[in-house]
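Working notes, structure below.
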Amino acid sequence: MLPKPLTTLKQIETQSDIPIPEESRVRLSPRVIQLREQISSLLDGRFLGMYNLSRETHDRFGLVDSGGEDFPRPDKVAAAFNPEDFAIVSKYQEPALVMCPPRKTDEDLLAAISAHSSVAVRTGPRILNPDHLDFDSDTQYRAFIAEAACKMEPSEDIPGRPLLKRIDHKADTRRFEEWGMSPDLYVLLAMQSIVKGQMIDRHTFTIFDGEPVVAGHYVPVGHCRKGRPTLEWFQSNVSAALSRRGRFRRVLGGRYITDF
């Protein structure tokens, strides 16, 4: 549902009522102007900038659905969150809107980086986890807000401890509204960082706490050292010095957008 200030207007606006500001010269009605002002005030005015970066990223890397579906409008994306969500993510380190596109896996997203930029990507060895079900990619857009700082600072973490203890601690302290980081979300964050010209994780790595540890020993991670977005696995008994370079990125959301 939309945040409360937007709820009363949702039913009276049609899909063509809210053109993107920079792409339209349509004369707007007072109601549309009011709705846009309410959206632009979300997250202390940061939401529309986050939306525009996400949309630009999808355009830049050819992620717009090949079936001709449009990218969801900002009011529809805002409706995927509630006021409590926005209060939580306001404390994130550089919150970013991450729109997972329909029918795209993390492998598809990595291929899109190679196809639409000069950035080289690298993937580590694939490790089979027979206990983890590999579902098909979603058929609808899904909206998340995640931490996107280039240089993440440890937060609610115990960086001096072994990786597995840190992952257990993170799971125990995660808010019930939050998710763990996953490879597809990470690649989309890397794409956004390429668009901004500020690559994430050049000297750190992100722990995918939304994915299972394989055989109690292999931890899935992502990083962009040497400017190369990479998905791979680290052994859980890595040195304390390497473990300290690992970071968790908080994630909130995960709601589908069915009407846009």
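Here, A, B, ... name the chains of the structure tokens in the order displayed, residue numbers run from 1 inside each chain, and ligands are numbered from 1 in the same displayed order.
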
(request) Report the residues of region 59-157 of chain A whose backbone DSSP state falls under strand (DSSP E), written as a PyMOL selection string. (result) chain A and resi 95-100+122-123+141-147

(message) So that I can see what lies close to region 215-230 of chain A, please list as a list in words the residues with an atom at most 7 Å from it, counting only C-alpha atoms and leaving out residues fewer than 6 positions away in the same chain.
(response) Val119, Ala120, Val121, Arg122, Thr123, Ala190, Met199, Ile200, Asp201, Arg202, His203, Thr204, Phe205, Thr206, Ile207, Phe208 and Ser236 of chain A

(message) Let me make sure I understand: among A:Trp233, A:Tyr186, A:Phe61, A:Phe81, which one has the smallest atom-to-atom distance to Leu43 (chain A) if we use only C-alpha atoms?
(response)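 Answer, going by the shortest atom-to-atom distance: A:Phe81.
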
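Atom pair CA of Ser118 (chain A) / CA of Leu231 (chain A): separated by 18.0 Å.
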
(message) For a test of reading the model, state the distance in Å between CA of Ala171 (chain A) and CA of Met50 (chain A), rounded to one decimal.
(response)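 Spanning CA of Ala171 (chain A) to CA of Met50 (chain A) is a straight-line distance of 27.0 Å.
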
(request) Give the answer as one residue: which of A:Asp59, A:Asp157, A:Glu177, A:Asp106 has the shortest atom-to-atom distance to Arg255 (chain A), using only C-alpha atoms? (result) A:Glu177

(request) Kindly give the distance, in Å, that separates CA of Val77 (chain A) and CA of Ser41 (chain A), rounded to a single decimal. (result)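 Value for the CA of Val77 (chain A)-CA of Ser41 (chain A) distance: 14.3 Å.
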
(message) At a cut-off of 12 Å, using only C-alpha atoms, what residues contact Lys91 (chain A)? Leave out same-chain residues fewer than 6 positions from it and give the result as a PyMOL selection string.
(response) chain A and resi 43-44+84-85+145-147+155+250-252

Could you turn the residues from that selection into a file that holds N, CA and C atoms, as an mmCIF file, in the first residue's frame?
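Output (selection_22.cif):
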```
data_model
loop_
_atom_site.group_PDB
_atom_site.id
_atom_site.type_symbol
_atom_site.label_atom_id
_atom_site.label_comp_id
_atom_site.auth_asym_id
_atom_site.auth_seq_id
_atom_site.Cartn_x
_atom_site.Cartn_y
_atom_site.Cartn_z
ATOM 1 N N LEU A 43 11.733 10.115 2.108
ATOM 2 C CA LEU A 43 13.140 9.950 2.487
ATOM 3 C C LEU A 43 13.875 11.286 2.440
ATOM 4 N N ASP A 44 13.226 12.308 2.982
ATOM 5 C CA ASP A 44 13.815 13.652 3.022
ATOM 6 C C ASP A 44 14.216 14.131 1.631
ATOM 7 N N GLU A 84 6.782 3.063 7.783
ATOM 8 C CA GLU A 84 7.752 2.430 8.680
ATOM 9 C C GLU A 84 8.997 1.989 7.918
ATOM 10 N N ASP A 85 8.818 1.509 6.682
ATOM 11 C CA ASP A 85 9.963 1.130 5.857
ATOM 12 C C ASP A 85 10.879 2.324 5.619
ATOM 13 N N ILE A 145 15.051 -1.666 -1.144
ATOM 14 C CA ILE A 145 15.965 -0.578 -0.823
ATOM 15 C C ILE A 145 17.135 -1.209 -0.083
ATOM 16 N N ALA A 146 18.344 -0.920 -0.555
ATOM 17 C CA ALA A 146 19.534 -1.558 0.012
ATOM 18 C C ALA A 146 20.615 -0.514 0.253
ATOM 19 N N GLU A 147 21.554 -0.867 1.117
ATOM 20 C CA GLU A 147 22.688 0.023 1.371
ATOM 21 C C GLU A 147 23.640 -0.027 0.182
ATOM 22 N N SER A 155 28.379 -2.072 10.708
ATOM 23 C CA SER A 155 27.236 -1.606 11.483
ATOM 24 C C SER A 155 26.512 -2.813 12.052
ATOM 25 N N ARG A 250 22.501 -3.955 4.400
ATOM 26 C CA ARG A 250 21.111 -4.186 4.791
ATOM 27 C C ARG A 250 20.179 -4.015 3.592
ATOM 28 N N VAL A 251 19.126 -4.805 3.583
ATOM 29 C CA VAL A 251 18.152 -4.823 2.480
ATOM 30 C C VAL A 251 16.752 -4.819 3.069
ATOM 31 N N LEU A 252 15.887 -3.991 2.512
ATOM 32 C CA LEU A 252 14.490 -3.968 2.943
ATOM 33 C C LEU A 252 13.592 -3.981 1.711
#
```

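With only C-alpha atoms as the atoms that count, the residue of A:Lys196, A:Asp108, A:Leu185, A:Pro212 with the shortest distance to Asp168 (chain A) is A:Pro212.
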
(request) Might you pull out every residue within 8 Å of Leu63 (chain A), with only C-alpha atoms counted and same-chain residues fewer than 4 positions away left off, and present them as an NGL selection string? (result) :A and (58-59 or 101 or 112)

Print the selection's residues with N, CA and C atoms to a file, as a PDB file, in the first residue's frame.
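The resulting file, result-v3.pdb, is shown below:
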```
ATOM      1  N   HIS A  58      18.598   0.684 -15.494  1.00  0.00           N
ATOM      2  CA  HIS A  58      17.902  -0.299 -16.331  1.00  0.00           C
ATOM      3  C   HIS A  58      18.016   0.074 -17.810  1.00  0.00           C
ATOM      4  N   ASP A  59      17.920   1.365 -18.114  1.00  0.00           N
ATOM      5  CA  ASP A  59      18.060   1.800 -19.506  1.00  0.00           C
ATOM      6  C   ASP A  59      19.484   1.577 -20.002  1.00  0.00           C
ATOM      7  N   PRO A 101      14.476  -6.723 -12.177  1.00  0.00           N
ATOM      8  CA  PRO A 101      13.667  -6.810 -13.392  1.00  0.00           C
ATOM      9  C   PRO A 101      13.114  -8.214 -13.604  1.00  0.00           C
ATOM     10  N   ALA A 112      24.817  -8.525 -18.907  1.00  0.00           N
ATOM     11  CA  ALA A 112      24.399  -7.193 -19.344  1.00  0.00           C
ATOM     12  C   ALA A 112      25.488  -6.163 -19.089  1.00  0.00           C
TER      13      ALA A 112
END
```

(request) Give the alpha helix (DSSP H) residues of region 206-244 of chain A, as assigned by DSSP on the backbone, as a PyMOL selection string. (result) chain A and resi 240-243

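Every protein or nucleic acid residue with an atom no more than 12 Å from Val64 (chain A), counting only C-alpha atoms and leaving out same-chain residues fewer than 5 positions away, appears here: Ser54, Arg55, Glu56, Thr57, His58, Asp59, Glu69, Asp70, Phe71, Pro72, Met99, Cys100, Pro101, Pro102, Arg103, Lys104, Leu109, Ala112, Gln140 and Tyr141 of chain A.
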
Write out, as a JSON list (two decimals), in the first residue's frame, the residues just selected, with N, CA and C atoms.
```json
[["chain", "number", "residue", "atom", "x", "y", "z"],
["A", 54, "SER", "N", 17.77, 4.27, -10.52],
["A", 54, "SER", "CA", 17.39, 2.89, -10.84],
["A", 54, "SER", "C", 16.89, 2.80, -12.27],
["A", 55, "ARG", "N", 16.07, 3.73, -12.67],
["A", 55, "ARG", "CA", 15.53, 3.71, -14.04],
["A", 55, "ARG", "C", 16.65, 3.92, -15.06],
["A", 56, "GLU", "N", 17.57, 4.85, -14.78],
["A", 56, "GLU", "CA", 18.68, 5.09, -15.69],
["A", 56, "GLU", "C", 19.56, 3.84, -15.81],
["A", 57, "THR", "N", 19.75, 3.13, -14.70],
["A", 57, "THR", "CA", 20.55, 1.91, -14.71],
["A", 57, "THR", "C", 19.91, 0.84, -15.60],
["A", 58, "HIS", "N", 18.60, 0.68, -15.49],
["A", 58, "HIS", "CA", 17.90, -0.30, -16.33],
["A", 58, "HIS", "C", 18.02, 0.07, -17.81],
["A", 59, "ASP", "N", 17.92, 1.36, -18.11],
["A", 59, "ASP", "CA", 18.06, 1.80, -19.51],
["A", 59, "ASP", "C", 19.48, 1.58, -20.00],
["A", 69, "GLU", "N", 7.00, -4.13, -21.68],
["A", 69, "GLU", "CA", 6.45, -3.58, -20.46],
["A", 69, "GLU", "C", 7.25, -2.35, -20.03],
["A", 70, "ASP", "N", 6.56, -1.34, -19.55],
["A", 70, "ASP", "CA", 7.20, -0.12, -19.11],
["A", 70, "ASP", "C", 7.81, -0.30, -17.73],
["A", 71, "PHE", "N", 8.80, 0.54, -17.43],
["A", 71, "PHE", "CA", 9.36, 0.57, -16.09],
["A", 71, "PHE", "C", 8.31, 1.16, -15.15],
["A", 72, "PRO", "N", 8.12, 0.60, -13.96],
["A", 72, "PRO", "CA", 7.06, 1.10, -13.05],
["A", 72, "PRO", "C", 7.21, 2.58, -12.73],
["A", 99, "MET", "N", 15.51, -2.18, -8.23],
["A", 99, "MET", "CA", 14.36, -2.80, -8.90],
["A", 99, "MET", "C", 14.84, -4.06, -9.61],
["A", 100, "CYS", "N", 14.42, -5.22, -9.10],
["A", 100, "CYS", "CA", 14.78, -6.47, -9.76],
["A", 100, "CYS", "C", 13.89, -6.65, -10.98],
["A", 101, "PRO", "N", 14.48, -6.72, -12.18],
["A", 101, "PRO", "CA", 13.67, -6.81, -13.39],
["A", 101, "PRO", "C", 13.11, -8.21, -13.60],
["A", 102, "PRO", "N", 12.01, -8.32, -14.34],
["A", 102, "PRO", "CA", 11.43, -9.65, -14.60],
["A", 102, "PRO", "C", 12.37, -10.54, -15.41],
["A", 103, "ARG", "N", 12.38, -11.81, -15.08],
["A", 103, "ARG", "CA", 13.05, -12.84, -15.88],
["A", 103, "ARG", "C", 14.55, -12.57, -16.07],
["A", 104, "LYS", "N", 15.21, -12.03, -15.06],
["A", 104, "LYS", "CA", 16.65, -11.80, -15.14],
["A", 104, "LYS", "C", 17.33, -12.46, -13.94],
["A", 109, "LEU", "N", 22.35, -10.58, -15.49],
["A", 109, "LEU", "CA", 22.75, -9.23, -15.12],
["A", 109, "LEU", "C", 24.25, -9.02, -15.34],
["A", 112, "ALA", "N", 24.82, -8.53, -18.91],
["A", 112, "ALA", "CA", 24.40, -7.19, -19.34],
["A", 112, "ALA", "C", 25.49, -6.16, -19.09],
["A", 140, "GLN", "N", 7.72, -10.52, -12.45],
["A", 140, "GLN", "CA", 7.28, -9.16, -12.18],
["A", 140, "GLN", "C", 8.43, -8.38, -11.56],
["A", 141, "TYR", "N", 8.34, -7.04, -11.68],
["A", 141, "TYR", "CA", 9.32, -6.21, -10.98],
["A", 141, "TYR", "C", 9.16, -6.40, -9.47]]
```

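Distances here use only C-alpha atoms; by that measure, the residue among A:Pro125, A:Asp75, A:Val238, A:Arg166 closest to Pro154 (chain A) is A:Arg166.
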
(message) At a cut-off of 8 Å, using only C-alpha atoms, what residues contact Lys76 (chain A)? Leave out same-chain residues fewer than 2 positions from it and give the result as number ranges by chain.
(response) A: 2, 72-74, 78-80, 257, 259-260

(message) When you count only C-alpha atoms, which of these residues is closest to Glu232 (chain A): A:Gly254, A:Ser117, A:Pro183, A:Ala87?
(response)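 Smallest distance to Glu232 (chain A) is found for A:Pro183.
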
(message) So, with only C-alpha atoms as the atoms that count, which of A:Ser40, A:Ala148, A:Gly253, A:Glu153 lies closest to Ser193 (chain A)?
(response)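 Smallest separation from Ser193 (chain A) among the options: A:Ala148.
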
(request) May I have the residues within 9 Å of Leu53 (chain A) as a list of chain:residue names, using only C-alpha atoms and disregarding those fewer than 5 positions away in the same chain? (result)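 The residues that qualify are A:Leu48, A:His58, A:Ala96, A:Leu97, A:Gln192, A:Val195, A:Lys196.
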
Would you mind exporting C-alpha atoms of the selected residues as a PDB file, in the first residue's frame?
```pdb
ATOM      1  CA  LEU A  48      12.936  10.457  -6.612  1.00  0.00           C
ATOM      2  CA  HIS A  58      17.902  -0.299 -16.331  1.00  0.00           C
ATOM      3  CA  ALA A  96      19.452   2.880  -3.040  1.00  0.00           C
ATOM      4  CA  LEU A  97      16.262   1.755  -4.751  1.00  0.00           C
ATOM      5  CA  GLN A 192      24.235   1.559 -10.206  1.00  0.00           C
ATOM      6  CA  VAL A 195      26.404   4.592 -13.636  1.00  0.00           C
ATOM      7  CA  LYS A 196      27.441   6.892 -10.771  1.00  0.00           C
TER       8      LYS A 196
END
```
